[in-house]
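Notes follow once the structure below has been shown.
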Amino acid sequence: EAKDLPVAIFRPSIVGAAYEEPLPGWIDCFHGSAGIFVATGKGLIRTMCCARHGVFDLVPVDYVNNMLIAIGWITALNKTSQPLVYNYNTGTINPITYYKLYYCVTTSYLVNPFDEIFRRPYIMQCRPAFLWPYLHFIMHRIPGYLMDLILRVQGKKPMFTKIYGKLNKALNQLHFFTMRTWNLSHGNYDKLLSILSEEDRRTFPFDLASIDWKRYIEIFCMGTKKYLLKDNMSNLDRARQHIKRRRRIRYTFDFIMFLLGTYLLYLRSRIAREIWSSVLGMCLNWLSKVRLLHYKS
């Protein structure tokens, strides 16, 4: 029906924050990857079911707009008998794996954290899928129940159980996509890119191969902080000190739990007592040698 009309079909993948225009990191909604990024930065999401080396298809919104302009231009110039389909995805051009993605996301939020967080940003990738309900219960539900109990004791309205219920529903819906990778043809995208002059490429950049993922994810995460949560950027140093305190508290807690577990094992197992005594003896022996060398020097 559209053979006499200048029509084309444009199919971008997941659209993310702006790379450069109108402002680096600009974004105005929590839909798609932005909501997952924010939940990760807040420390709400700690595990996600995804293929470790699967590809996450993400394109900046300004690149999408620039290619849409270019498609409109070329479609008006060259009429075709059938509408051309332009797939716009990074998976087969400049891929980023889920492993690299979440490494960049958590690193970015550790360097530039939100003003208020629930826990330190961290993601454990869950594979195989049957482990997901157990990890979700341990890493999401239990902390949510504990926080709601604390809020009830303080006379406040509980909210974390409800939040994790919504997150669980959203993450379950994403599993079909995060456990799979799609390879889409991009021949029309390649042809369009080759037709443009160097000046047009600079004016309307949409070359997916030019995306520096580490830099873009940093820009994206900073955009969620600045434009979505509207954090005060002058409080960044205080937020960094806060996350350092959270790290020290976590390490202290882990060390105490290690000592407690070791002590309980020491009490119940003769073999554990012998190993502990041997390790302690070696440590004391090593310390005595270090002191002796220091004394001789």
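Ligands are numbered from 1 in the order shown, chains are lettered A, B, ... in the order of the structure tokens, and residues start at 1 in each chain.
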DSSP on the backbone: what in range 30-233 of chain A comes out alpha helix (DSSP H), as a short mmCIF file (atom, residue, chain, number, x, y, z; two decimals) with N, CA, C and O atoms, in the first residue's frame?
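For reference, result-v7.cif as written:
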```cif
data_model
loop_
_atom_site.label_atom_id
_atom_site.label_comp_id
_atom_site.auth_asym_id
_atom_site.auth_seq_id
_atom_site.Cartn_x
_atom_site.Cartn_y
_atom_site.Cartn_z
N SER A 33 16.28 0.71 30.10
CA SER A 33 17.53 0.50 30.83
C SER A 33 17.75 1.52 31.94
O SER A 33 18.44 1.23 32.92
N ALA A 34 17.16 2.71 31.82
CA ALA A 34 17.38 3.75 32.84
C ALA A 34 16.89 3.30 34.20
O ALA A 34 17.56 3.51 35.22
N GLY A 35 15.71 2.67 34.26
CA GLY A 35 15.18 2.19 35.54
C GLY A 35 16.06 1.13 36.16
O GLY A 35 16.27 1.12 37.38
N ILE A 36 16.59 0.21 35.33
CA ILE A 36 17.49 -0.83 35.83
C ILE A 36 18.78 -0.21 36.35
O ILE A 36 19.30 -0.60 37.40
N PHE A 37 19.30 0.78 35.64
CA PHE A 37 20.53 1.45 36.07
C PHE A 37 20.33 2.14 37.42
O PHE A 37 21.18 2.05 38.31
N VAL A 38 19.22 2.85 37.57
CA VAL A 38 18.95 3.56 38.82
C VAL A 38 18.81 2.58 39.98
O VAL A 38 19.37 2.80 41.06
N ALA A 39 18.07 1.48 39.76
CA ALA A 39 17.91 0.48 40.81
C ALA A 39 19.24 -0.15 41.19
O ALA A 39 19.48 -0.47 42.36
N THR A 40 20.13 -0.31 40.21
CA THR A 40 21.47 -0.83 40.50
C THR A 40 22.28 0.18 41.30
O THR A 40 22.95 -0.17 42.28
N GLY A 41 22.24 1.44 40.88
CA GLY A 41 22.99 2.48 41.60
C GLY A 41 22.49 2.69 43.02
O GLY A 41 23.28 3.04 43.91
N VAL A 61 20.01 8.14 22.47
CA VAL A 61 18.82 8.75 21.90
C VAL A 61 19.18 9.79 20.84
O VAL A 61 18.46 9.94 19.84
N ASP A 62 20.27 10.53 21.01
CA ASP A 62 20.64 11.52 20.01
C ASP A 62 21.11 10.86 18.72
O ASP A 62 20.87 11.37 17.62
N TYR A 63 21.76 9.69 18.82
CA TYR A 63 22.13 8.95 17.62
C TYR A 63 20.89 8.46 16.88
O TYR A 63 20.84 8.46 15.65
N VAL A 64 19.88 8.04 17.64
CA VAL A 64 18.62 7.59 17.04
C VAL A 64 17.97 8.74 16.27
O VAL A 64 17.51 8.58 15.12
N ASN A 65 17.92 9.92 16.87
CA ASN A 65 17.31 11.07 16.20
C ASN A 65 18.07 11.46 14.95
O ASN A 65 17.48 11.79 13.91
N ASN A 66 19.42 11.42 15.03
CA ASN A 66 20.23 11.78 13.88
C ASN A 66 20.02 10.81 12.72
O ASN A 66 19.92 11.22 11.55
N MET A 67 19.94 9.52 13.01
CA MET A 67 19.71 8.56 11.94
C MET A 67 18.31 8.71 11.36
O MET A 67 18.10 8.53 10.15
N LEU A 68 17.34 9.03 12.21
CA LEU A 68 15.98 9.25 11.72
C LEU A 68 15.94 10.41 10.73
O LEU A 68 15.25 10.33 9.69
N ILE A 69 16.68 11.46 11.01
CA ILE A 69 16.77 12.60 10.08
C ILE A 69 17.40 12.16 8.76
O ILE A 69 16.92 12.51 7.67
N ALA A 70 18.48 11.37 8.87
CA ALA A 70 19.16 10.89 7.66
C ALA A 70 18.26 9.97 6.84
O ALA A 70 18.26 10.03 5.60
N ILE A 71 17.48 9.13 7.50
CA ILE A 71 16.56 8.24 6.79
C ILE A 71 15.49 9.05 6.06
O ILE A 71 15.13 8.75 4.90
N GLY A 72 14.98 10.09 6.73
CA GLY A 72 13.99 10.95 6.06
C GLY A 72 14.57 11.60 4.83
O GLY A 72 13.90 11.70 3.78
N TRP A 73 15.81 12.03 4.90
CA TRP A 73 16.46 12.68 3.76
C TRP A 73 16.66 11.72 2.59
O TRP A 73 16.28 12.02 1.46
N ILE A 74 17.21 10.53 2.87
CA ILE A 74 17.49 9.58 1.79
C ILE A 74 16.21 9.00 1.21
O ILE A 74 16.13 8.69 0.01
N THR A 75 15.17 8.86 2.03
CA THR A 75 13.89 8.32 1.55
C THR A 75 13.21 9.30 0.62
O THR A 75 12.58 8.91 -0.38
N ALA A 76 13.33 10.60 0.91
CA ALA A 76 12.73 11.61 0.05
C ALA A 76 13.47 11.71 -1.28
O ALA A 76 12.84 12.00 -2.32
N LEU A 77 14.76 11.45 -1.28
CA LEU A 77 15.55 11.54 -2.51
C LEU A 77 15.38 10.32 -3.40
O LEU A 77 15.25 10.44 -4.62
N TYR A 98 26.82 -8.26 28.76
CA TYR A 98 26.23 -7.95 30.06
C TYR A 98 27.30 -7.85 31.13
O TYR A 98 27.19 -7.03 32.06
N TYR A 99 28.33 -8.67 31.02
CA TYR A 99 29.41 -8.62 32.01
C TYR A 99 30.08 -7.24 32.01
O TYR A 99 30.27 -6.62 33.06
N LYS A 100 30.44 -6.76 30.81
CA LYS A 100 31.10 -5.45 30.72
C LYS A 100 30.13 -4.34 31.09
O LYS A 100 30.53 -3.36 31.75
N LEU A 101 28.87 -4.49 30.69
CA LEU A 101 27.88 -3.47 31.00
C LEU A 101 27.75 -3.24 32.49
O LEU A 101 27.85 -2.10 32.98
N TYR A 102 27.54 -4.33 33.25
CA TYR A 102 27.32 -4.16 34.68
C TYR A 102 28.60 -3.82 35.43
O TYR A 102 28.54 -3.18 36.49
N TYR A 103 29.73 -4.20 34.86
CA TYR A 103 30.99 -3.74 35.46
C TYR A 103 31.09 -2.22 35.32
O TYR A 103 31.45 -1.52 36.28
N CYS A 104 30.79 -1.70 34.13
CA CYS A 104 30.85 -0.25 33.91
C CYS A 104 29.81 0.49 34.75
O CYS A 104 30.09 1.56 35.31
N VAL A 105 28.61 -0.08 34.85
CA VAL A 105 27.54 0.57 35.61
C VAL A 105 27.90 0.65 37.10
O VAL A 105 27.81 1.72 37.71
N THR A 106 28.30 -0.48 37.69
CA THR A 106 28.61 -0.46 39.13
C THR A 106 29.84 0.40 39.41
O THR A 106 29.87 1.13 40.42
N THR A 107 30.84 0.35 38.53
CA THR A 107 32.03 1.18 38.73
C THR A 107 31.67 2.67 38.67
O THR A 107 32.15 3.47 39.48
N SER A 108 30.80 3.03 37.72
CA SER A 108 30.40 4.44 37.58
C SER A 108 29.66 4.93 38.81
O SER A 108 29.90 6.04 39.30
N TYR A 109 28.76 4.09 39.35
CA TYR A 109 28.00 4.51 40.52
C TYR A 109 28.83 4.46 41.80
O TYR A 109 28.46 5.12 42.79
N LEU A 110 29.90 3.71 41.83
CA LEU A 110 30.80 3.75 42.98
C LEU A 110 31.62 5.04 42.98
O LEU A 110 31.93 5.59 44.03
N VAL A 111 31.97 5.51 41.78
CA VAL A 111 32.74 6.75 41.66
C VAL A 111 31.84 7.97 41.82
O VAL A 111 32.22 8.95 42.47
N TRP A 132 17.83 -18.30 39.98
CA TRP A 132 17.32 -16.95 40.15
C TRP A 132 16.35 -16.80 41.33
O TRP A 132 16.52 -15.88 42.14
N PRO A 133 15.33 -17.65 41.49
CA PRO A 133 14.41 -17.46 42.62
C PRO A 133 15.11 -17.49 43.98
O PRO A 133 14.74 -16.75 44.89
N TYR A 134 16.13 -18.35 44.12
CA TYR A 134 16.84 -18.46 45.40
C TYR A 134 17.71 -17.23 45.65
O TYR A 134 17.71 -16.68 46.77
N LEU A 135 18.44 -16.79 44.63
CA LEU A 135 19.26 -15.59 44.79
C LEU A 135 18.40 -14.36 45.01
O LEU A 135 18.76 -13.47 45.80
N HIS A 136 17.28 -14.30 44.31
CA HIS A 136 16.36 -13.17 44.50
C HIS A 136 15.85 -13.13 45.94
O HIS A 136 15.79 -12.05 46.55
N ILE A 142 14.97 -10.89 51.54
CA ILE A 142 15.35 -10.87 52.96
C ILE A 142 15.77 -9.47 53.40
O ILE A 142 15.28 -8.96 54.42
N PRO A 143 16.68 -8.77 52.68
CA PRO A 143 17.00 -7.39 53.08
C PRO A 143 15.77 -6.48 53.06
O PRO A 143 15.65 -5.59 53.91
N GLY A 144 14.85 -6.71 52.11
CA GLY A 144 13.64 -5.91 52.07
C GLY A 144 12.77 -6.12 53.29
O GLY A 144 12.25 -5.16 53.88
N TYR A 145 12.60 -7.38 53.72
CA TYR A 145 11.82 -7.68 54.92
C TYR A 145 12.46 -7.04 56.16
O TYR A 145 11.76 -6.49 57.03
N LEU A 146 13.80 -7.13 56.26
CA LEU A 146 14.50 -6.57 57.41
C LEU A 146 14.35 -5.05 57.47
O LEU A 146 14.11 -4.48 58.55
N MET A 147 14.47 -4.39 56.32
CA MET A 147 14.33 -2.94 56.30
C MET A 147 12.90 -2.51 56.64
O MET A 147 12.69 -1.52 57.34
N ASP A 148 11.91 -3.26 56.16
CA ASP A 148 10.53 -2.93 56.49
C ASP A 148 10.26 -3.15 57.98
O ASP A 148 9.49 -2.40 58.60
N LEU A 149 10.90 -4.16 58.58
CA LEU A 149 10.76 -4.38 60.01
C LEU A 149 11.34 -3.20 60.78
O LEU A 149 10.72 -2.72 61.75
N ILE A 150 12.49 -2.69 60.34
CA ILE A 150 13.10 -1.53 60.99
C ILE A 150 12.19 -0.30 60.85
O ILE A 150 12.00 0.47 61.81
N LEU A 151 11.61 -0.13 59.66
CA LEU A 151 10.72 1.02 59.44
C LEU A 151 9.48 0.92 60.32
O LEU A 151 9.00 1.93 60.85
N ARG A 152 8.94 -0.28 60.50
CA ARG A 152 7.77 -0.45 61.36
C ARG A 152 8.10 -0.12 62.81
O ARG A 152 7.31 0.52 63.51
N VAL A 153 9.29 -0.56 63.26
CA VAL A 153 9.71 -0.26 64.63
C VAL A 153 9.84 1.25 64.83
O VAL A 153 9.53 1.78 65.91
N PHE A 160 9.84 -1.47 51.25
CA PHE A 160 10.79 -2.26 50.49
C PHE A 160 10.19 -3.57 49.96
O PHE A 160 10.57 -4.02 48.88
N THR A 161 9.27 -4.16 50.69
CA THR A 161 8.61 -5.38 50.19
C THR A 161 7.84 -5.08 48.92
O THR A 161 7.88 -5.86 47.95
N LYS A 162 7.17 -3.94 48.88
CA LYS A 162 6.42 -3.53 47.70
C LYS A 162 7.37 -3.23 46.54
O LYS A 162 7.11 -3.61 45.39
N ILE A 163 8.48 -2.55 46.84
CA ILE A 163 9.46 -2.22 45.79
C ILE A 163 10.03 -3.48 45.17
O ILE A 163 10.12 -3.61 43.94
N TYR A 164 10.41 -4.44 46.02
CA TYR A 164 11.00 -5.67 45.49
C TYR A 164 9.97 -6.54 44.77
O TYR A 164 10.32 -7.31 43.87
N GLY A 165 8.71 -6.41 45.13
CA GLY A 165 7.67 -7.11 44.38
C GLY A 165 7.58 -6.59 42.95
O GLY A 165 7.48 -7.37 41.99
N LYS A 166 7.65 -5.28 42.79
CA LYS A 166 7.61 -4.68 41.46
C LYS A 166 8.88 -5.01 40.67
O LYS A 166 8.82 -5.30 39.48
N LEU A 167 10.04 -4.96 41.35
CA LEU A 167 11.30 -5.29 40.68
C LEU A 167 11.33 -6.74 40.20
O LEU A 167 11.80 -7.04 39.11
N ASN A 168 10.80 -7.62 41.04
CA ASN A 168 10.77 -9.04 40.67
C ASN A 168 9.92 -9.26 39.42
O ASN A 168 10.30 -10.01 38.51
N LYS A 169 8.80 -8.58 39.36
CA LYS A 169 7.92 -8.70 38.19
C LYS A 169 8.61 -8.16 36.94
O LYS A 169 8.58 -8.79 35.86
N ALA A 170 9.28 -7.01 37.07
CA ALA A 170 9.96 -6.41 35.92
C ALA A 170 11.13 -7.27 35.45
O ALA A 170 11.31 -7.48 34.24
N LEU A 171 11.92 -7.78 36.39
CA LEU A 171 13.09 -8.59 36.03
C LEU A 171 12.67 -9.91 35.40
O LEU A 171 13.33 -10.41 34.49
N ASN A 172 11.59 -10.51 35.90
CA ASN A 172 11.10 -11.76 35.30
C ASN A 172 10.68 -11.55 33.85
O ASN A 172 10.86 -12.45 33.01
N GLN A 173 10.11 -10.40 33.55
CA GLN A 173 9.72 -10.10 32.18
C GLN A 173 10.93 -9.89 31.28
O GLN A 173 10.87 -10.13 30.07
N LEU A 174 12.03 -9.45 31.85
CA LEU A 174 13.24 -9.19 31.06
C LEU A 174 14.05 -10.45 30.77
O LEU A 174 14.89 -10.45 29.87
N HIS A 175 13.84 -11.50 31.54
CA HIS A 175 14.68 -12.68 31.42
C HIS A 175 14.68 -13.29 30.02
O HIS A 175 15.70 -13.79 29.57
N PHE A 176 13.56 -13.24 29.33
CA PHE A 176 13.50 -13.80 27.98
C PHE A 176 14.50 -13.10 27.07
O PHE A 176 15.10 -13.73 26.20
N PHE A 177 14.70 -11.80 27.30
CA PHE A 177 15.61 -11.03 26.44
C PHE A 177 17.05 -11.07 26.95
O PHE A 177 18.00 -11.14 26.16
N THR A 178 17.24 -11.04 28.28
CA THR A 178 18.60 -11.02 28.81
C THR A 178 19.31 -12.36 28.71
O THR A 178 20.53 -12.43 28.82
N GLY A 187 22.37 -3.98 6.67
CA GLY A 187 22.86 -3.56 5.37
C GLY A 187 22.42 -2.17 4.97
O GLY A 187 23.22 -1.38 4.43
N ASN A 188 21.17 -1.83 5.22
CA ASN A 188 20.67 -0.49 4.86
C ASN A 188 21.32 0.59 5.71
O ASN A 188 21.55 1.71 5.23
N TYR A 189 21.59 0.28 6.96
CA TYR A 189 22.32 1.22 7.81
C TYR A 189 23.72 1.48 7.25
O TYR A 189 24.17 2.64 7.17
N ASP A 190 24.41 0.43 6.83
CA ASP A 190 25.75 0.58 6.26
C ASP A 190 25.72 1.43 4.98
O ASP A 190 26.59 2.29 4.78
N LYS A 191 24.73 1.20 4.13
CA LYS A 191 24.64 1.96 2.88
C LYS A 191 24.39 3.44 3.16
O LYS A 191 25.01 4.32 2.54
N LEU A 192 23.49 3.70 4.12
CA LEU A 192 23.18 5.09 4.46
C LEU A 192 24.40 5.79 5.02
O LEU A 192 24.69 6.95 4.65
N LEU A 193 25.13 5.12 5.86
CA LEU A 193 26.32 5.72 6.46
C LEU A 193 27.38 6.02 5.40
O LEU A 193 28.07 7.05 5.47
N SER A 194 27.50 5.15 4.41
CA SER A 194 28.50 5.34 3.37
C SER A 194 28.14 6.48 2.42
O SER A 194 29.02 7.09 1.80
N ILE A 195 26.85 6.79 2.28
CA ILE A 195 26.41 7.86 1.37
C ILE A 195 26.71 9.24 1.95
O ILE A 195 27.01 10.18 1.21
N GLU A 198 31.50 13.60 4.96
CA GLU A 198 32.17 13.74 6.25
C GLU A 198 31.54 14.85 7.08
O GLU A 198 31.38 14.73 8.31
N GLU A 199 31.14 15.93 6.42
CA GLU A 199 30.50 17.04 7.13
C GLU A 199 29.17 16.61 7.71
O GLU A 199 28.83 16.95 8.86
N ASP A 200 28.37 15.86 6.93
CA ASP A 200 27.09 15.38 7.42
C ASP A 200 27.27 14.41 8.59
O ASP A 200 26.47 14.41 9.54
N ARG A 201 28.30 13.59 8.53
CA ARG A 201 28.56 12.65 9.63
C ARG A 201 28.90 13.40 10.92
O ARG A 201 28.53 12.95 12.01
N ARG A 202 29.61 14.50 10.79
CA ARG A 202 29.94 15.29 11.99
C ARG A 202 28.71 16.03 12.50
O ARG A 202 28.54 16.19 13.72
N THR A 203 27.86 16.50 11.59
CA THR A 203 26.67 17.26 11.99
C THR A 203 25.60 16.35 12.57
O THR A 203 24.93 16.71 13.55
N TRP A 213 32.12 2.61 24.95
CA TRP A 213 31.14 2.13 25.92
C TRP A 213 31.45 2.57 27.34
O TRP A 213 30.53 2.95 28.09
N LYS A 214 32.69 2.54 27.74
CA LYS A 214 33.04 2.95 29.11
C LYS A 214 32.64 4.41 29.33
O LYS A 214 32.03 4.75 30.35
N ARG A 215 32.98 5.26 28.39
CA ARG A 215 32.65 6.68 28.51
C ARG A 215 31.14 6.89 28.45
O ARG A 215 30.58 7.67 29.23
N TYR A 216 30.47 6.18 27.52
CA TYR A 216 29.02 6.37 27.40
C TYR A 216 28.26 5.92 28.64
O TYR A 216 27.33 6.59 29.09
N ILE A 217 28.66 4.78 29.21
CA ILE A 217 27.98 4.31 30.43
C ILE A 217 28.20 5.28 31.58
O ILE A 217 27.28 5.53 32.38
N GLU A 218 29.40 5.86 31.68
CA GLU A 218 29.65 6.87 32.70
C GLU A 218 28.73 8.08 32.50
O GLU A 218 28.16 8.62 33.46
N ILE A 219 28.58 8.51 31.24
CA ILE A 219 27.70 9.64 30.93
C ILE A 219 26.25 9.28 31.26
O ILE A 219 25.51 10.08 31.84
N PHE A 220 25.85 8.08 30.90
CA PHE A 220 24.47 7.60 31.15
C PHE A 220 24.19 7.61 32.65
O PHE A 220 23.15 8.14 33.11
N CYS A 221 25.08 7.02 33.43
CA CYS A 221 24.86 6.94 34.89
C CYS A 221 24.83 8.33 35.52
O CYS A 221 24.01 8.59 36.41
N MET A 222 25.71 9.21 35.06
CA MET A 222 25.69 10.57 35.60
C MET A 222 24.40 11.29 35.20
O MET A 222 23.86 12.10 35.97
N GLY A 223 23.88 10.97 34.01
CA GLY A 223 22.62 11.55 33.58
C GLY A 223 21.45 11.13 34.45
O GLY A 223 20.56 11.93 34.74
#
```
Exercise for the section: Return as a VMD selection string the full set of residues in range 9-252 of chain A whose backbone-based DSSP assignment is strand (DSSP E or B). Expected result: chain A and resid 9 to 12 14 to 16 47 to 49 55 58 to 60 84 to 88 97 124 to 126
Exercise for the section: Calculate how many Å separate CA of Arg180 in chain A from CA of Gly54 in chain A, rounding to one decimal. Expected result: 6.6 Å
Practice task
Give the answer as one residue: which of A:Pro60, A:Gly43, A:Pro121, A:Pro12 has the shortest atom-to-atom distance to Asn89 in chain A, using only C-alpha atoms?
Solution key: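 Of A:Pro60, A:Gly43, A:Pro121, A:Pro12, the one nearest Asn89 in chain A, counting only C-alpha atoms, is A:Pro12.
Across A:Arg270, A:His186, A:Arg119, A:Lys225, the tightest approach to Arg247 in chain A is made by A:Arg119 when counting only C-alpha atoms.
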Handout entry: Residue nearest Ile9 in chain A among A:Tyr251, A:Phe206, A:Phe137, A:Tyr86 (counting only C-alpha atoms)
Key =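 Using only C-alpha atoms, the shortest distance to Ile9 in chain A belongs to A:Tyr86.
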Problem - Residues within 9 Å of Thr92 in chain A, only C-alpha atoms, excluding chain neighbours under 5 positions, as a list in words - result: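 Final neighbour list, sorted by chain and number: Trp182, Asn183, Leu184, Ser185 and His186 of chain A.
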Exercise for the section: Please provide the set of residues having any atom within 8 Å of Val55 in chain A, restricted to only C-alpha atoms, with same-chain residues fewer than 6 positions apart removed, written as a ChimeraX atom specification. Expected result: /A:91,95-98,181
Writer output for current selection, C-alpha atoms, as a short mmCIF file (atom, residue, chain, number, x, y, z; two decimals), in the first residue's frame:
```
data_model
loop_
_atom_site.label_atom_id
_atom_site.label_comp_id
_atom_site.auth_asym_id
_atom_site.auth_seq_id
_atom_site.Cartn_x
_atom_site.Cartn_y
_atom_site.Cartn_z
CA GLY A 91 24.98 -6.07 18.74
CA PRO A 95 28.68 -5.09 20.98
CA ILE A 96 28.81 -4.74 24.74
CA THR A 97 28.30 -7.84 26.87
CA TYR A 98 26.23 -7.95 30.06
CA THR A 181 21.14 -12.54 21.84
#
```
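Our summary of the geometry notes that CA of Gly16 in chain A is positioned 10.5 Å from CA of Thr224 in chain A.
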Exercise for the section: Go through A:Phe204, A:Met124, A:Gly32, A:Pro113 and flag the residue nearest Met233 in chain A, using only C-alpha atoms for the distances. Expected result: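 Ranking A:Phe204, A:Met124, A:Gly32, A:Pro113 by distance to Met233 in chain A, first place goes to A:Pro113.
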Practice task
Would you please work out which residue, of A:Val7, A:Asn112, A:Leu265, A:Leu284, is nearest to Asp237 in chain A when using only C-alpha atoms?
Solution key: A:Asn112
